Each structure stands twice: as C-alpha cells, then as structure tokens.
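I have placed the structure first, in the form of structure tokens, so that the comments after it can refer back to it.
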Amino acid sequence: MMGLGRSVILKTPEEIKIMREAGRINALALDAVRKAIEPGITTAELDSIAEKVIHKHGGISTFKGYPGPYPYPATITVSINDELVHGIPGNRKLKEGDVVSIDCGTTYKGFVGDSAFSMCVGHASHEAQQIVNVAEEAFFKGFENMVAGKHIGDISSAIQTYVEGYGYHVPREYTGHGVGRQMHEAPQVPNYGLPGHGMILRSGMTLAVEPMILAGTFRTHVLPDQWTVVSADGSLTSHFEHSIAITENGPIILTDLVG
Ligand code: MG
Ligand code: MG
C-alpha cells in the first residue's frame, strides 16, 4: 500500500505520544498473531486475532477499507513465501517451513501505527531463516541513520547495501513512507538509494521504514486478486517494518511493545 503525499507533516511531541499509543496497540495485535502462528492455522484466523486485539484497546483497523483496486477487505495482510506484501487473509493454512509476513495498521485517536514482521512457521530451511533475519537486520541498519540532519537516502542506502550484501534484492515499486493521521504521507522512504541524497531528516518527522526483500529478483507482479504482490520468479521474500519518530534525542520506535 503506497500513497503520494506532497508535503511532509511534522508532528508535535503530543502527537508523537498519541502515535506511540497507536503503535503499541498495533504491536499487541502483531504479538498475538505471532504467538498464534503454527502449521495448520488459517490466515483468516490470524486476521480475526489481530482485529480483536485492536478493538479491545479502542483502536480501529487502518487497513480495512483502505482504498486500492477495491477496498482492502481485512485487518492484516498475510504474505506467504513468494508473496512479498498485501496478501489477503482467507482459508489458506500455514505449513511447516513457510515464511509468513504479517503487516498491520491501527488507527487510535486519529493517528496510525504501521508495522510488520516475517517469521518461519515451525522448522524451516536455513534459506528461509536467513531471509527473515536479514529483513529485520536491514531495518536496524536504516534505523541507525534516522538522525536529524541526515538524508532519506542514508536510510535507503543502508538498507539496500545490507540486503544486497546477502545477494538479495529490494523492490522498486514499494517503499516506506511518512505516517501520521494518514497511513501514507510524504515522503517516500525507498529501500534503495544513495547516501547524502533526498530529503533532509528533521525532528518531528514520523516515518514507516520497511525493508522488503526478494531472494532472486527485484521484479514483482500482482496476482489476479489485484492486491497480492509476489516475486516475479517465485523466490522467497520477507518484510519488516516499524513506524519511527525522529526526535532531538534520536529516533524512537513507535510500534514496539516496550518503552
Ligand atoms: Mg505496513
Ligand atoms: Mg507501511
């Protein structure tokens, strides 16, 4: 899910506090999904778990009804193996060894928390475990560069360099993004770029940074359901995301459970 905003909306410390609450609810939903992931569970069951947690804490799903080819029909996206992002929950059952990527958005008091993770289902191949790990590690390579005065390209380049160091690829059509009252605000935060290029980072920016990784190619296509994005060569993929605030004291993750 991507959108095009025009100007960056800086957030006040009070707004960032609300985003932290939205982010924490989103983290609770993802944590409940993570704990439920096992061979045999359907992706629709995972969706229902996330929705219940979000509602219990007074949030609403940011994804459900999100504009696209048709309104997005669920609370989470569940993307399995070659599915990179935007997989729609349904009757499909998870299998031992699958790589499953879960993305979720929560709106609370008018602000959005957006985050995602990948994990292996049960015992998995070394290749599956590695691509899962590299997405999370790539996120933190980007995160280290989220300092006022640096550039968007410093985040992008850190992610791309790390991912490509494993021989993996990053997509060109899907990027991280500003996040706030809308899930997708300016600026875009690509997973590829050059250090020292792009917009200068400022205190009060809130960005969703989300490495997406493909094992065999940077090319993707969209399935006939018009939402699910897959690797063009059928190779494995993974995804990891947090929403982050850039502050005078450095970057703060808004969508984790602690802090
Ligand atoms: Mg997301
Ligand atoms: Mg996002």
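Identifiers in this document derive from the order of the structure tokens: chains are assigned A, B, ..., residues are numbered from 1 separately in each chain, and ligands are numbered from 1 in order of occurrence.
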
Residues at most 12 Å from ligand 2, using only C-alpha atoms and all ligand atoms? Could they come as an mmCIF file with C-alpha atoms, in the first residue's frame?
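Produced file result26.cif, reproduced below:
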data_model
loop_
_atom_site.group_PDB
_atom_site.id
_atom_site.type_symbol
_atom_site.label_atom_id
_atom_site.label_comp_id
_atom_site.auth_asym_id
_atom_site.auth_seq_id
_atom_site.Cartn_x
_atom_site.Cartn_y
_atom_site.Cartn_z
ATOM 1 C CA MET A 1 0.000 0.000 0.000
ATOM 2 C CA MET A 2 1.549 3.246 -1.072
ATOM 3 C CA GLY A 3 0.291 6.761 -1.416
ATOM 4 C CA THR A 62 -6.309 1.155 9.330
ATOM 5 C CA PHE A 63 -6.202 -1.476 6.594
ATOM 6 C CA ILE A 76 -3.861 -7.610 8.365
ATOM 7 C CA THR A 77 -2.033 -8.660 5.248
ATOM 8 C CA VAL A 85 3.230 -7.863 0.621
ATOM 9 C CA HIS A 86 -0.542 -7.322 0.600
ATOM 10 C CA ILE A 102 2.262 -10.082 8.621
ATOM 11 C CA ASP A 103 1.570 -6.368 8.182
ATOM 12 C CA CYS A 104 -0.939 -4.446 10.301
ATOM 13 C CA GLY A 105 -2.117 -0.882 10.840
ATOM 14 C CA THR A 106 -4.015 0.576 13.793
ATOM 15 C CA VAL A 112 -1.809 5.493 12.703
ATOM 16 C CA GLY A 113 0.704 2.852 13.800
ATOM 17 C CA ASP A 114 2.015 0.701 10.929
ATOM 18 C CA SER A 115 4.365 -2.262 11.403
ATOM 19 C CA ALA A 116 5.165 -5.691 10.025
ATOM 20 C CA PHE A 117 7.297 -8.763 10.660
ATOM 21 C CA TYR A 174 7.021 -0.480 -2.983
ATOM 22 C CA THR A 175 8.577 1.786 -0.369
ATOM 23 C CA GLY A 176 8.428 3.020 3.182
ATOM 24 C CA HIS A 177 6.611 6.280 3.790
ATOM 25 C CA GLY A 178 5.658 9.073 6.124
ATOM 26 C CA VAL A 179 2.970 8.082 8.636
ATOM 27 C CA GLY A 180 0.659 10.143 10.851
ATOM 28 C CA GLN A 182 -2.810 9.056 7.295
ATOM 29 C CA MET A 183 -1.065 5.720 6.875
ATOM 30 C CA HIS A 184 0.726 7.033 3.807
ATOM 31 C CA GLU A 185 2.122 10.536 3.960
ATOM 32 C CA ALA A 186 5.118 12.174 2.303
ATOM 33 C CA PRO A 187 7.951 11.445 1.964
ATOM 34 C CA GLN A 188 8.512 8.056 0.375
ATOM 35 C CA VAL A 189 11.321 6.069 2.005
ATOM 36 C CA PRO A 190 12.673 3.711 -0.668
ATOM 37 C CA THR A 206 7.396 10.227 11.585
ATOM 38 C CA LEU A 207 8.336 7.565 9.057
ATOM 39 C CA ALA A 208 7.460 3.923 8.445
ATOM 40 C CA VAL A 209 10.675 2.201 7.374
ATOM 41 C CA GLU A 210 10.061 -1.206 5.845
ATOM 42 C CA PRO A 211 12.693 -3.350 4.179
ATOM 43 C CA MET A 212 11.082 -5.730 1.687
ATOM 44 C CA HIS A 239 9.347 -7.908 5.170
ATOM 45 C CA PHE A 240 9.952 -5.993 8.406
ATOM 46 C CA GLU A 241 8.562 -2.599 9.423
ATOM 47 C CA HIS A 242 8.279 -0.129 12.271
ATOM 48 C CA SER A 243 6.875 3.395 12.488
ATOM 49 C CA ILE A 244 9.510 5.744 13.914
ATOM 50 C CA THR A 255 5.342 0.348 17.153
#

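Between CA of Ile246 in chain A and CA of Ala148 in chain A lies a distance of 6.8 Å.
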
Report as a PDB file with C-alpha atoms, in the first residue's frame all protein, DNA and RNA residues lying within 12 Å of range 221-225 of chain A, evaluated on only C-alpha atoms, omitting residues in the same chain fewer than 5 positions from it.
ATOM      1  CA  GLY A  68      -6.953   0.291  -3.698  1.00  0.00           C
ATOM      2  CA  PRO A  69      -8.193  -1.634  -6.706  1.00  0.00           C
ATOM      3  CA  TYR A  70     -11.097  -2.314  -4.332  1.00  0.00           C
ATOM      4  CA  PRO A  71     -11.311  -1.512  -0.614  1.00  0.00           C
ATOM      5  CA  TYR A  72      -8.898  -3.758   1.315  1.00  0.00           C
ATOM      6  CA  PRO A  73     -11.074  -6.454   2.941  1.00  0.00           C
ATOM      7  CA  SER A  79       2.006 -12.847   2.627  1.00  0.00           C
ATOM      8  CA  ASP A  82       6.904 -15.743  -2.740  1.00  0.00           C
ATOM      9  CA  GLU A  83       4.197 -13.281  -1.650  1.00  0.00           C
ATOM     10  CA  LEU A  84       6.033 -10.096  -0.699  1.00  0.00           C
ATOM     11  CA  VAL A  85       3.230  -7.863   0.621  1.00  0.00           C
ATOM     12  CA  HIS A  86      -0.542  -7.322   0.600  1.00  0.00           C
ATOM     13  CA  GLY A  87      -1.657 -10.974   0.737  1.00  0.00           C
ATOM     14  CA  ILE A  88      -5.349 -11.199   1.659  1.00  0.00           C
ATOM     15  CA  PRO A  89      -6.339 -13.496   4.566  1.00  0.00           C
ATOM     16  CA  PRO A 171      11.689  -3.910  -4.857  1.00  0.00           C
ATOM     17  CA  ARG A 172      11.495  -0.615  -6.679  1.00  0.00           C
ATOM     18  CA  GLU A 173       7.687  -0.184  -6.736  1.00  0.00           C
ATOM     19  CA  TYR A 174       7.021  -0.480  -2.983  1.00  0.00           C
ATOM     20  CA  VAL A 230       4.671 -11.686  -5.500  1.00  0.00           C
ATOM     21  CA  SER A 231       8.271 -12.085  -6.610  1.00  0.00           C
ATOM     22  CA  ALA A 232       8.369 -12.392 -10.401  1.00  0.00           C
ATOM     23  CA  ASP A 233      10.499 -15.561 -10.210  1.00  0.00           C
ATOM     24  CA  GLY A 234       8.658 -17.306  -7.363  1.00  0.00           C
TER      25      GLY A 234
END

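Across the structure, CA of His123 in chain A and CA of Ser238 in chain A are spaced 16.5 Å apart.
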
Pick from A:Asp31, A:Phe139, A:Val99, A:Asn91, whichever lies nearest to His126 in chain A using only C-alpha atoms: A:Val99

Let's see if you can do this: from backbone DSSP, list all strand (DSSP E or B) residues in range 76-116 of chain A, as a PDB file with all heavy atoms, in the first residue's frame.
ATOM      1  N   ILE A  76      -5.290  -7.417   8.609  1.00  0.00           N
ATOM      2  CA  ILE A  76      -3.861  -7.610   8.365  1.00  0.00           C
ATOM      3  C   ILE A  76      -3.650  -8.034   6.913  1.00  0.00           C
ATOM      4  O   ILE A  76      -4.603  -8.419   6.224  1.00  0.00           O
ATOM      5  CB  ILE A  76      -3.239  -8.684   9.296  1.00  0.00           C
ATOM      6  CG1 ILE A  76      -3.935 -10.044   9.140  1.00  0.00           C
ATOM      7  CG2 ILE A  76      -3.310  -8.215  10.749  1.00  0.00           C
ATOM      8  CD1 ILE A  76      -3.301 -11.175   9.961  1.00  0.00           C
ATOM      9  N   THR A  77      -2.414  -7.956   6.472  1.00  0.00           N
ATOM     10  CA  THR A  77      -2.033  -8.660   5.248  1.00  0.00           C
ATOM     11  C   THR A  77      -1.174  -9.843   5.674  1.00  0.00           C
ATOM     12  O   THR A  77      -0.376  -9.737   6.618  1.00  0.00           O
ATOM     13  CB  THR A  77      -1.265  -7.759   4.261  1.00  0.00           C
ATOM     14  OG1 THR A  77      -0.013  -7.395   4.844  1.00  0.00           O
ATOM     15  CG2 THR A  77      -2.057  -6.506   3.923  1.00  0.00           C
ATOM     16  N   VAL A  78      -1.387 -10.979   5.016  1.00  0.00           N
ATOM     17  CA  VAL A  78      -0.607 -12.198   5.287  1.00  0.00           C
ATOM     18  C   VAL A  78       0.007 -12.641   3.967  1.00  0.00           C
ATOM     19  O   VAL A  78      -0.719 -13.017   3.048  1.00  0.00           O
ATOM     20  CB  VAL A  78      -1.483 -13.325   5.861  1.00  0.00           C
ATOM     21  CG1 VAL A  78      -0.613 -14.517   6.258  1.00  0.00           C
ATOM     22  CG2 VAL A  78      -2.305 -12.843   7.044  1.00  0.00           C
ATOM     23  N   SER A  79       1.312 -12.580   3.885  1.00  0.00           N
ATOM     24  CA  SER A  79       2.006 -12.847   2.627  1.00  0.00           C
ATOM     25  C   SER A  79       2.959 -14.023   2.851  1.00  0.00           C
ATOM     26  O   SER A  79       3.800 -13.964   3.748  1.00  0.00           O
ATOM     27  CB  SER A  79       2.758 -11.598   2.175  1.00  0.00           C
ATOM     28  OG  SER A  79       1.878 -10.469   2.181  1.00  0.00           O
ATOM     29  N   ILE A  80       2.800 -15.077   2.064  1.00  0.00           N
ATOM     30  CA  ILE A  80       3.487 -16.344   2.330  1.00  0.00           C
ATOM     31  C   ILE A  80       4.495 -16.655   1.217  1.00  0.00           C
ATOM     32  O   ILE A  80       4.143 -16.647   0.026  1.00  0.00           O
ATOM     33  CB  ILE A  80       2.461 -17.490   2.454  1.00  0.00           C
ATOM     34  CG1 ILE A  80       1.462 -17.184   3.582  1.00  0.00           C
ATOM     35  CG2 ILE A  80       3.164 -18.823   2.699  1.00  0.00           C
ATOM     36  CD1 ILE A  80       0.254 -18.108   3.598  1.00  0.00           C
ATOM     37  N   GLU A  83       5.038 -14.480  -1.804  1.00  0.00           N
ATOM     38  CA  GLU A  83       4.197 -13.281  -1.650  1.00  0.00           C
ATOM     39  C   GLU A  83       4.952 -12.270  -0.789  1.00  0.00           C
ATOM     40  O   GLU A  83       5.295 -12.542   0.357  1.00  0.00           O
ATOM     41  CB  GLU A  83       2.865 -13.650  -0.990  1.00  0.00           C
ATOM     42  CG  GLU A  83       2.055 -14.632  -1.842  1.00  0.00           C
ATOM     43  CD  GLU A  83       0.806 -15.163  -1.132  1.00  0.00           C
ATOM     44  OE1 GLU A  83       0.606 -14.837   0.062  1.00  0.00           O
ATOM     45  OE2 GLU A  83       0.054 -15.913  -1.774  1.00  0.00           O
ATOM     46  N   LEU A  84       5.199 -11.109  -1.365  1.00  0.00           N
ATOM     47  CA  LEU A  84       6.033 -10.096  -0.699  1.00  0.00           C
ATOM     48  C   LEU A  84       5.207  -9.267   0.275  1.00  0.00           C
ATOM     49  O   LEU A  84       5.578  -9.101   1.441  1.00  0.00           O
ATOM     50  CB  LEU A  84       6.660  -9.194  -1.768  1.00  0.00           C
ATOM     51  CG  LEU A  84       7.508  -8.031  -1.279  1.00  0.00           C
ATOM     52  CD1 LEU A  84       8.749  -8.523  -0.536  1.00  0.00           C
ATOM     53  CD2 LEU A  84       7.915  -7.124  -2.449  1.00  0.00           C
ATOM     54  N   VAL A  85       4.109  -8.714  -0.199  1.00  0.00           N
ATOM     55  CA  VAL A  85       3.230  -7.863   0.621  1.00  0.00           C
ATOM     56  C   VAL A  85       1.794  -7.980   0.112  1.00  0.00           C
ATOM     57  O   VAL A  85       1.550  -8.444  -1.001  1.00  0.00           O
ATOM     58  CB  VAL A  85       3.657  -6.369   0.580  1.00  0.00           C
ATOM     59  CG1 VAL A  85       4.931  -6.135   1.384  1.00  0.00           C
ATOM     60  CG2 VAL A  85       3.824  -5.865  -0.849  1.00  0.00           C
ATOM     61  N   LYS A  93      -4.066 -22.432   4.748  1.00  0.00           N
ATOM     62  CA  LYS A  93      -3.451 -22.832   6.017  1.00  0.00           C
ATOM     63  C   LYS A  93      -1.937 -22.690   5.939  1.00  0.00           C
ATOM     64  O   LYS A  93      -1.335 -23.033   4.917  1.00  0.00           O
ATOM     65  CB  LYS A  93      -3.791 -24.290   6.332  1.00  0.00           C
ATOM     66  CG  LYS A  93      -5.248 -24.501   6.707  1.00  0.00           C
ATOM     67  CD  LYS A  93      -5.552 -25.953   7.022  1.00  0.00           C
ATOM     68  CE  LYS A  93      -6.992 -26.058   7.506  1.00  0.00           C
ATOM     69  NZ  LYS A  93      -7.445 -27.450   7.609  1.00  0.00           N
ATOM     70  N   VAL A  99       7.605 -19.172   5.038  1.00  0.00           N
ATOM     71  CA  VAL A  99       7.941 -17.832   5.540  1.00  0.00           C
ATOM     72  C   VAL A  99       6.658 -17.009   5.458  1.00  0.00           C
ATOM     73  O   VAL A  99       6.082 -16.849   4.376  1.00  0.00           O
ATOM     74  CB  VAL A  99       9.042 -17.157   4.698  1.00  0.00           C
ATOM     75  CG1 VAL A  99       9.204 -15.698   5.120  1.00  0.00           C
ATOM     76  CG2 VAL A  99      10.354 -17.901   4.843  1.00  0.00           C
ATOM     77  N   VAL A 100       6.194 -16.522   6.600  1.00  0.00           N
ATOM     78  CA  VAL A 100       4.963 -15.748   6.616  1.00  0.00           C
ATOM     79  C   VAL A 100       5.267 -14.317   7.059  1.00  0.00           C
ATOM     80  O   VAL A 100       6.005 -14.101   8.018  1.00  0.00           O
ATOM     81  CB  VAL A 100       3.883 -16.419   7.499  1.00  0.00           C
ATOM     82  CG1 VAL A 100       4.336 -16.566   8.938  1.00  0.00           C
ATOM     83  CG2 VAL A 100       2.573 -15.652   7.432  1.00  0.00           C
ATOM     84  N   SER A 101       4.724 -13.358   6.325  1.00  0.00           N
ATOM     85  CA  SER A 101       4.911 -11.934   6.628  1.00  0.00           C
ATOM     86  C   SER A 101       3.558 -11.331   6.967  1.00  0.00           C
ATOM     87  O   SER A 101       2.601 -11.467   6.207  1.00  0.00           O
ATOM     88  CB  SER A 101       5.511 -11.204   5.432  1.00  0.00           C
ATOM     89  OG  SER A 101       6.729 -11.804   5.048  1.00  0.00           O
ATOM     90  N   ILE A 102       3.508 -10.680   8.135  1.00  0.00           N
ATOM     91  CA  ILE A 102       2.262 -10.082   8.621  1.00  0.00           C
ATOM     92  C   ILE A 102       2.449  -8.570   8.701  1.00  0.00           C
ATOM     93  O   ILE A 102       3.397  -8.093   9.324  1.00  0.00           O
ATOM     94  CB  ILE A 102       1.910 -10.590  10.041  1.00  0.00           C
ATOM     95  CG1 ILE A 102       1.973 -12.113  10.136  1.00  0.00           C
ATOM     96  CG2 ILE A 102       0.570 -10.014  10.493  1.00  0.00           C
ATOM     97  CD1 ILE A 102       0.880 -12.843   9.449  1.00  0.00           C
ATOM     98  N   ASP A 103       1.550  -7.827   8.108  1.00  0.00           N
ATOM     99  CA  ASP A 103       1.570  -6.368   8.182  1.00  0.00           C
ATOM    100  C   ASP A 103       0.237  -5.932   8.771  1.00  0.00           C
ATOM    101  O   ASP A 103      -0.806  -6.551   8.494  1.00  0.00           O
ATOM    102  CB  ASP A 103       1.759  -5.791   6.771  1.00  0.00           C
ATOM    103  CG  ASP A 103       2.204  -4.331   6.770  1.00  0.00           C
ATOM    104  OD1 ASP A 103       2.125  -3.668   7.819  1.00  0.00           O
ATOM    105  OD2 ASP A 103       2.613  -3.862   5.692  1.00  0.00           O
ATOM    106  N   CYS A 104       0.280  -4.876   9.607  1.00  0.00           N
ATOM    107  CA  CYS A 104      -0.939  -4.446  10.301  1.00  0.00           C
ATOM    108  C   CYS A 104      -0.878  -2.943  10.538  1.00  0.00           C
ATOM    109  O   CYS A 104       0.202  -2.386  10.738  1.00  0.00           O
ATOM    110  CB  CYS A 104      -1.039  -5.188  11.638  1.00  0.00           C
ATOM    111  SG  CYS A 104      -2.605  -4.983  12.513  1.00  0.00           S
ATOM    112  N   GLY A 105      -2.030  -2.304  10.511  1.00  0.00           N
ATOM    113  CA  GLY A 105      -2.117  -0.882  10.840  1.00  0.00           C
ATOM    114  C   GLY A 105      -3.271  -0.635  11.799  1.00  0.00           C
ATOM    115  O   GLY A 105      -4.347  -1.202  11.630  1.00  0.00           O
ATOM    116  N   THR A 106      -2.988   0.217  12.810  1.00  0.00           N
ATOM    117  CA  THR A 106      -4.015   0.576  13.793  1.00  0.00           C
ATOM    118  C   THR A 106      -4.186   2.090  13.825  1.00  0.00           C
ATOM    119  O   THR A 106      -3.190   2.829  13.893  1.00  0.00           O
ATOM    120  CB  THR A 106      -3.603   0.111  15.207  1.00  0.00           C
ATOM    121  OG1 THR A 106      -3.538  -1.313  15.230  1.00  0.00           O
ATOM    122  CG2 THR A 106      -4.593   0.604  16.264  1.00  0.00           C
ATOM    123  N   THR A 107      -5.425   2.527  13.786  1.00  0.00           N
ATOM    124  CA  THR A 107      -5.720   3.943  13.973  1.00  0.00           C
ATOM    125  C   THR A 107      -6.296   4.134  15.380  1.00  0.00           C
ATOM    126  O   THR A 107      -7.214   3.412  15.774  1.00  0.00           O
ATOM    127  CB  THR A 107      -6.733   4.443  12.931  1.00  0.00           C
ATOM    128  OG1 THR A 107      -6.219   4.177  11.613  1.00  0.00           O
ATOM    129  CG2 THR A 107      -6.976   5.935  13.081  1.00  0.00           C
ATOM    130  N   TYR A 108      -5.716   5.077  16.130  1.00  0.00           N
ATOM    131  CA  TYR A 108      -6.140   5.329  17.503  1.00  0.00           C
ATOM    132  C   TYR A 108      -6.073   6.831  17.745  1.00  0.00           C
ATOM    133  O   TYR A 108      -5.034   7.455  17.502  1.00  0.00           O
ATOM    134  CB  TYR A 108      -5.228   4.579  18.479  1.00  0.00           C
ATOM    135  CG  TYR A 108      -5.573   4.749  19.933  1.00  0.00           C
ATOM    136  CD1 TYR A 108      -6.693   4.126  20.482  1.00  0.00           C
ATOM    137  CD2 TYR A 108      -4.774   5.534  20.763  1.00  0.00           C
ATOM    138  CE1 TYR A 108      -7.000   4.274  21.829  1.00  0.00           C
ATOM    139  CE2 TYR A 108      -5.080   5.696  22.110  1.00  0.00           C
ATOM    140  CZ  TYR A 108      -6.197   5.059  22.630  1.00  0.00           C
ATOM    141  OH  TYR A 108      -6.494   5.211  23.959  1.00  0.00           O
ATOM    142  N   PHE A 111      -4.578   8.811  14.885  1.00  0.00           N
ATOM    143  CA  PHE A 111      -3.224   8.585  14.365  1.00  0.00           C
ATOM    144  C   PHE A 111      -2.979   7.097  14.119  1.00  0.00           C
ATOM    145  O   PHE A 111      -3.597   6.234  14.750  1.00  0.00           O
ATOM    146  CB  PHE A 111      -2.169   9.140  15.330  1.00  0.00           C
ATOM    147  CG  PHE A 111      -2.080  10.633  15.283  1.00  0.00           C
ATOM    148  CD1 PHE A 111      -2.862  11.412  16.135  1.00  0.00           C
ATOM    149  CD2 PHE A 111      -1.237  11.258  14.382  1.00  0.00           C
ATOM    150  CE1 PHE A 111      -2.792  12.799  16.092  1.00  0.00           C
ATOM    151  CE2 PHE A 111      -1.165  12.641  14.336  1.00  0.00           C
ATOM    152  CZ  PHE A 111      -1.938  13.414  15.182  1.00  0.00           C
ATOM    153  N   VAL A 112      -2.044   6.848  13.203  1.00  0.00           N
ATOM    154  CA  VAL A 112      -1.809   5.493  12.703  1.00  0.00           C
ATOM    155  C   VAL A 112      -0.486   4.928  13.223  1.00  0.00           C
ATOM    156  O   VAL A 112       0.529   5.630  13.257  1.00  0.00           O
ATOM    157  CB  VAL A 112      -1.772   5.506  11.153  1.00  0.00           C
ATOM    158  CG1 VAL A 112      -1.370   4.135  10.604  1.00  0.00           C
ATOM    159  CG2 VAL A 112      -3.121   5.940  10.588  1.00  0.00           C
ATOM    160  N   GLY A 113      -0.518   3.641  13.589  1.00  0.00           N
ATOM    161  CA  GLY A 113       0.704   2.852  13.800  1.00  0.00           C
ATOM    162  C   GLY A 113       0.747   1.783  12.727  1.00  0.00           C
ATOM    163  O   GLY A 113      -0.266   1.106  12.495  1.00  0.00           O
ATOM    164  N   ASP A 114       1.878   1.622  12.067  1.00  0.00           N
ATOM    165  CA  ASP A 114       2.015   0.701  10.929  1.00  0.00           C
ATOM    166  C   ASP A 114       3.293  -0.105  11.142  1.00  0.00           C
ATOM    167  O   ASP A 114       4.374   0.479  11.244  1.00  0.00           O
ATOM    168  CB  ASP A 114       2.089   1.543   9.643  1.00  0.00           C
ATOM    169  CG  ASP A 114       2.233   0.721   8.371  1.00  0.00           C
ATOM    170  OD1 ASP A 114       1.997  -0.506   8.388  1.00  0.00           O
ATOM    171  OD2 ASP A 114       2.588   1.336   7.334  1.00  0.00           O
ATOM    172  N   SER A 115       3.162  -1.436  11.236  1.00  0.00           N
ATOM    173  CA  SER A 115       4.365  -2.262  11.403  1.00  0.00           C
ATOM    174  C   SER A 115       4.127  -3.664  10.878  1.00  0.00           C
ATOM    175  O   SER A 115       2.983  -4.076  10.656  1.00  0.00           O
ATOM    176  CB  SER A 115       4.811  -2.294  12.871  1.00  0.00           C
ATOM    177  OG  SER A 115       3.766  -2.627  13.742  1.00  0.00           O
ATOM    178  N   ALA A 116       5.226  -4.372  10.657  1.00  0.00           N
ATOM    179  CA  ALA A 116       5.165  -5.691  10.025  1.00  0.00           C
ATOM    180  C   ALA A 116       6.346  -6.544  10.480  1.00  0.00           C
ATOM    181  O   ALA A 116       7.380  -6.008  10.896  1.00  0.00           O
ATOM    182  CB  ALA A 116       5.204  -5.541   8.501  1.00  0.00           C
TER     183      ALA A 116
END

Residue set, range 28-183 of chain A restricted to alpha helix (DSSP H), as a VMD selection string: chain A and resid 28 to 36 43 to 56 126 to 143 152 to 164
